[in-house]
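Just below is one structure, and these are the notes that go with it.
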Amino acid sequence: MNCVHLDFHTSPLIENIGEKFNKEEFVKTLKEANVDLITVFAKCHHGYTYYPTKVSTMHPNLKFNLLKEQVDACHSAGIKAPIYITMGWSQKDAIDHPEWQHIDFWTKKPVRFGTVPTPDMDPETPLYDCSWATLCPVGGYSEHLKAITEEVCQNFDISDGVFYDICFMKDACVCDACKAGMKERGLDPDNYEDARKYYREKRIEFFTELNEIVHKYNKDAHIFYNGGADMNRPEYGVVQSHFELEDLPTAWGGYDFMPIRAKYFEKFGKFYMGMTGKFHHAWGEFGGFKNKEALRYECADMLSIGASISVGDHLHPSGEIDKSTYAIIGHAFKYVRDIEKYCFDTHAYTDIALWMSHTEADLGASKLLQIMHLEFDVIENANELSKYNLVILPDKVKLSDEDKSSLVEFAKNGGKVVCSYESGFDGLGIEKLEPSKYDIDYIETEIDEIVTPFLSYASAYKTKCEGEVLAKIREPFFSRTAGHYCGHKNTPFKDENADYPALVKNGNVLYFAHPIFESYNKTGNYILQKYIMRAIESHYDRMLVVNNFYSCGRIRVRKSDKDNFYAVHLLYAPPVNRGNVCLLEDFPRVDGIEIELKVSENVKNVFVADTNENIEFTQIGDILYLKVNNLVLHKLLIINY
Ligand SMILES: [Zn+2]
């Protein structure tokens with residue numbers, strides 16, 4: 001499904017709101033751009049509604065029911081139109097009801113995002129970027145949100161769902177309503193864990209109440225609480241009808257975040273979509289445009305992880321839909337239309353499991369697996385281990401005794417285990433002693449011409465390990481402190497190796513003593529990357545081998561059990577950082593990519609999804625050999641069996 005998230009946060013100082021809204025033009029533009037769904041606004045972050053309201057305040061310069069016009073126009077053209085209601089940010093409500101503000105547990109002050117304007121501030125003070133007060137949906141504000149929801153459900157067709165925005169800021173609140181609520185439940189508002197517990201419980205209860213209101217009017221309406229597709233907040237999955245994985249790669253740190261999140265939320269068995277923006281930089285940027293090929297790449301990237309597509313836009317206060325924006329979106333959505341039938345109802349085809357640590361290390365491991373051109377699933381416990389041949393436990397996985405026994409059994413039965421830092425344990429032949437006392441250390445091994453111990457940008461766990469030592473540790477003379485330092489940066493290494501290892505192979509277990517995945521995520525250290533990749537390569541027999549492809553090249557393999565095909569996505573566009581933006585600008589052609597894929601079925605034919613071009617293949621036993629030429633941006637190969 002091709003979705004647009006159409007923001008409409010509109011200042012009360014601007015006049016003639018929505019006066020250039022033209023139903024016919026609106027839906028014609030959307031139709032031409034292959035848009036299936038567009039989110040339209042009931043209430044925005046300025047705190048105004050875009051329809052006549054009895055429970056809130058309509059935008060002062062809007063003279064008609066814009067929301068109704070938009071919903072009706074979309075529905076008449078067969079376009080879905082879920083309705084947006086702001087939750088956490090509402091500037092007018094924050095001024096009218098200071099008691100509704102979210103109060104930070106630690107500072108006991110209202111939570112601010114950016115430089116929030118207040119009535120006593122010099123109105124000429126420049127505002128930089130996103131600046132809003134944050135409200136707490138407990139007490140009076142929760143009643144207000146219920147009233148708005150009820151009113152929207154009574155007056156509009158909500159069959160396409162409701163989108164609540166900014167539902168999770170911080171993880172504890174000590175506003176008066178929360179403090180009173182905590183005391184009622186015997187919780188201590190001065191205790192952080194109690195405040196977090198209350199926040200979680202109260203939000204789940206409140207969102208359940210909102211769901212009940214919406215479902216009273218339409219039992220099938222989709223409801224999403226934005227901010228709730230966070231891998232560290234899986235407990236909110238129960239109140240979501242689906243997941244929207246908001247991620248602006250241009251402004252939020254690049255192109256590597258979406259895959260692991262999609263793999264995580266795919267496991268909930270609910271509909272999930274990626275969400276990017278049409279903006280050059282980030283949300284709310286009028287006149288900011290992304291290169292249309294970059295947007296096409298982002299859409300193809302989402303399809304390659306089985307996600308539907310959502311692209312963010314922001315409507316001009318005049319209500320006139322922006323033709324330039326929909327030229328770009330339409331370019332990307334046309335491509336999606338051509339290939340999407342091969343993308344959903346598929347699952348990743350892999351024998352590798354990444355066991356989530358719910359720390360930064362997961363992202364480092366995900367990046368490395370993608371650079372290695374390996375497909376993977378994520379898991380959180382031992383129940384699913386039997387489906388895999390390799391399990392990776394990055395840095396800080398918390399394991400129960402049962403998990404540990406299962407992992408020992410898994411390795412005993414031929415499963416390969418890669419673990420690092422705190423994730424190693426006795427049963428695997430790794431006796432953890434204590435973390436190193438140094439700030440950094442060095443790894444002594446041989447990586448091509450590099451024989452000098454290389455900087456790990458971290459320090460190891462001291463261990464006694466069974467098995468063969470593959471790399472050693474060189475400690476620094478001392479940690480770099482105000483009292484002990486040497487030169488500009490890290491202290492150099494001593495002459496002798498330490499008496500504890502950096503890398504050990506014990507049968508089917510490979511143990512890295514460093515927090516390699518977190519360190520890699522932080523530093524992108526090229527030598528560390530080679531060190532990890534080589535060790536894993538020599539430990540695990542790949543079912544997907546890719547030669548002649550770049551580190552920024554991505555390959556993802558999905559399988560449709562229902563329609564008997566494999567879908568191989570190849571993507572290539574190296575991101576560059578320019579100014580404050582991560583950009584895709586060059587889409588060079590790549591030829592001669594060699595793929596070897598283990599498949600147990602007899603392959604009938606292989607073709608390119610959008611052009612139907614046949615691709616020659618050879619199958620010897622259970623290995624399929626393919627050579628791919630003329631990859632520009634994205635190519636989807638369909639392997640029928
Ligand atoms: Zn509160």
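The way I read the labels, and the way they are meant: chains A, B, ... in the order of the structure tokens, residue 1 as the first residue of every chain, and ligand 1 as the first ligand shown, with later ones counted on from there.
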message = Can you tell me which residues surround region 83-87 of chain A at a distance of at most 6 Å, considering only C-alpha atoms, apart from same-chain residues fewer than 5 positions away, and format the answer as a PyMOL selection string?
response = chain A and resi 39-44+162-167
Interface rows for chain A against ligand 1: nearest pair, Å to one decimal, 9 Å, only C-alpha atoms and all ligand atoms, as a tab-separated table:
residue	atom	partner	partner_atom_place_in_ligand_line	distance
A:Trp100	CA	ligand 1	1 (Zn)	7.5
A:Gln101	CA	ligand 1	1 (Zn)	7.2
A:His102	CA	ligand 1	1 (Zn)	5.2
A:Ile103	CA	ligand 1	1 (Zn)	6.4
A:Asp104	CA	ligand 1	1 (Zn)	8.8
A:Leu135	CA	ligand 1	1 (Zn)	7.7
A:Cys136	CA	ligand 1	1 (Zn)	4.6
A:Pro137	CA	ligand 1	1 (Zn)	6.7
A:Val138	CA	ligand 1	1 (Zn)	5.5
A:Gly139	CA	ligand 1	1 (Zn)	7.7
A:Ala172	CA	ligand 1	1 (Zn)	7.7
A:Cys173	CA	ligand 1	1 (Zn)	4.5
A:Val174	CA	ligand 1	1 (Zn)	5.3
A:Cys175	CA	ligand 1	1 (Zn)	4.2
A:Asp176	CA	ligand 1	1 (Zn)	6.8
A:Ala177	CA	ligand 1	1 (Zn)	5.7
A:Cys178	CA	ligand 1	1 (Zn)	4.3
A:Lys179	CA	ligand 1	1 (Zn)	7.4
A:Tyr199	CA	ligand 1	1 (Zn)	7.8
Store the residues picked out above in a file with N, CA, C and O atoms, as a short mmCIF file (atom, residue, chain, number, x, y, z; two decimals), in the first residue's frame.
data_model
loop_
_atom_site.label_atom_id
_atom_site.label_comp_id
_atom_site.auth_asym_id
_atom_site.auth_seq_id
_atom_site.Cartn_x
_atom_site.Cartn_y
_atom_site.Cartn_z
N TRP A 100 -1.65 20.42 32.34
CA TRP A 100 -1.64 19.22 31.49
C TRP A 100 -0.22 18.87 31.02
O TRP A 100 -0.03 17.87 30.32
N GLN A 101 0.75 19.69 31.37
CA GLN A 101 2.09 19.46 30.82
C GLN A 101 2.77 18.25 31.45
O GLN A 101 2.55 17.93 32.62
N HIS A 102 3.58 17.60 30.64
CA HIS A 102 4.38 16.45 31.10
C HIS A 102 5.53 17.02 31.96
O HIS A 102 6.27 17.89 31.52
N ILE A 103 5.65 16.52 33.17
CA ILE A 103 6.71 17.01 34.07
C ILE A 103 7.80 15.95 34.17
O ILE A 103 7.54 14.79 34.51
N ASP A 104 9.02 16.39 33.86
CA ASP A 104 10.15 15.47 33.84
C ASP A 104 10.44 14.93 35.25
O ASP A 104 10.45 15.69 36.22
N LEU A 135 2.67 17.38 26.49
CA LEU A 135 1.57 17.17 27.43
C LEU A 135 1.51 15.72 27.87
O LEU A 135 2.01 14.82 27.19
N CYS A 136 0.87 15.51 29.01
CA CYS A 136 0.77 14.16 29.58
C CYS A 136 -0.69 13.68 29.48
O CYS A 136 -1.58 14.31 30.06
N PRO A 137 -0.91 12.58 28.77
CA PRO A 137 -2.29 12.11 28.59
C PRO A 137 -2.84 11.36 29.80
O PRO A 137 -3.29 10.23 29.71
N VAL A 138 -2.76 12.02 30.95
CA VAL A 138 -3.32 11.47 32.20
C VAL A 138 -4.13 12.62 32.81
O VAL A 138 -3.82 13.78 32.58
N GLY A 139 -5.16 12.31 33.57
CA GLY A 139 -5.96 13.37 34.21
C GLY A 139 -6.78 14.14 33.20
O GLY A 139 -7.34 13.57 32.26
N ALA A 172 8.72 8.52 32.08
CA ALA A 172 8.11 8.72 33.40
C ALA A 172 7.63 10.17 33.45
O ALA A 172 8.19 11.03 32.78
N CYS A 173 6.58 10.41 34.22
CA CYS A 173 6.07 11.77 34.35
C CYS A 173 5.64 11.98 35.80
O CYS A 173 5.11 11.05 36.44
N VAL A 174 5.87 13.19 36.31
CA VAL A 174 5.43 13.48 37.69
C VAL A 174 4.56 14.74 37.70
O VAL A 174 4.70 15.61 38.57
N CYS A 175 3.63 14.84 36.71
CA CYS A 175 2.63 15.90 36.78
C CYS A 175 1.70 15.57 37.95
O CYS A 175 1.74 14.46 38.48
N ASP A 176 0.87 16.53 38.36
CA ASP A 176 0.03 16.31 39.53
C ASP A 176 -0.87 15.09 39.35
O ASP A 176 -1.08 14.31 40.27
N ALA A 177 -1.40 14.92 38.12
CA ALA A 177 -2.31 13.79 37.87
C ALA A 177 -1.56 12.46 38.01
O ALA A 177 -2.08 11.51 38.59
N CYS A 178 -0.34 12.40 37.48
CA CYS A 178 0.44 11.16 37.60
C CYS A 178 0.81 10.88 39.05
O CYS A 178 0.74 9.74 39.52
N LYS A 179 1.20 11.94 39.77
CA LYS A 179 1.59 11.74 41.18
C LYS A 179 0.40 11.20 41.98
O LYS A 179 0.54 10.25 42.76
N TYR A 199 3.79 4.95 34.36
CA TYR A 199 3.73 5.50 33.00
C TYR A 199 3.31 4.42 32.01
O TYR A 199 2.42 4.61 31.18
#
task = Check the smallest atom-to-atom distance from each of A:Tyr531, A:Tyr192, A:Tyr326, A:Tyr264 to Thr445 (chain A) using only C-alpha atoms, then report the winner.
result = A:Tyr531
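Going from CA of Asp426 (chain A) over to CA of Glu466 (chain A), you cover 9.7 Å.
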Spatial neighbours of region 448-451 of chain A, max dist 12 Å, only C-alpha atoms, sep filter under 2 positions, as a ChimeraX atom specification = /A:442-446,453-455,471-472,526-528,530-531,534
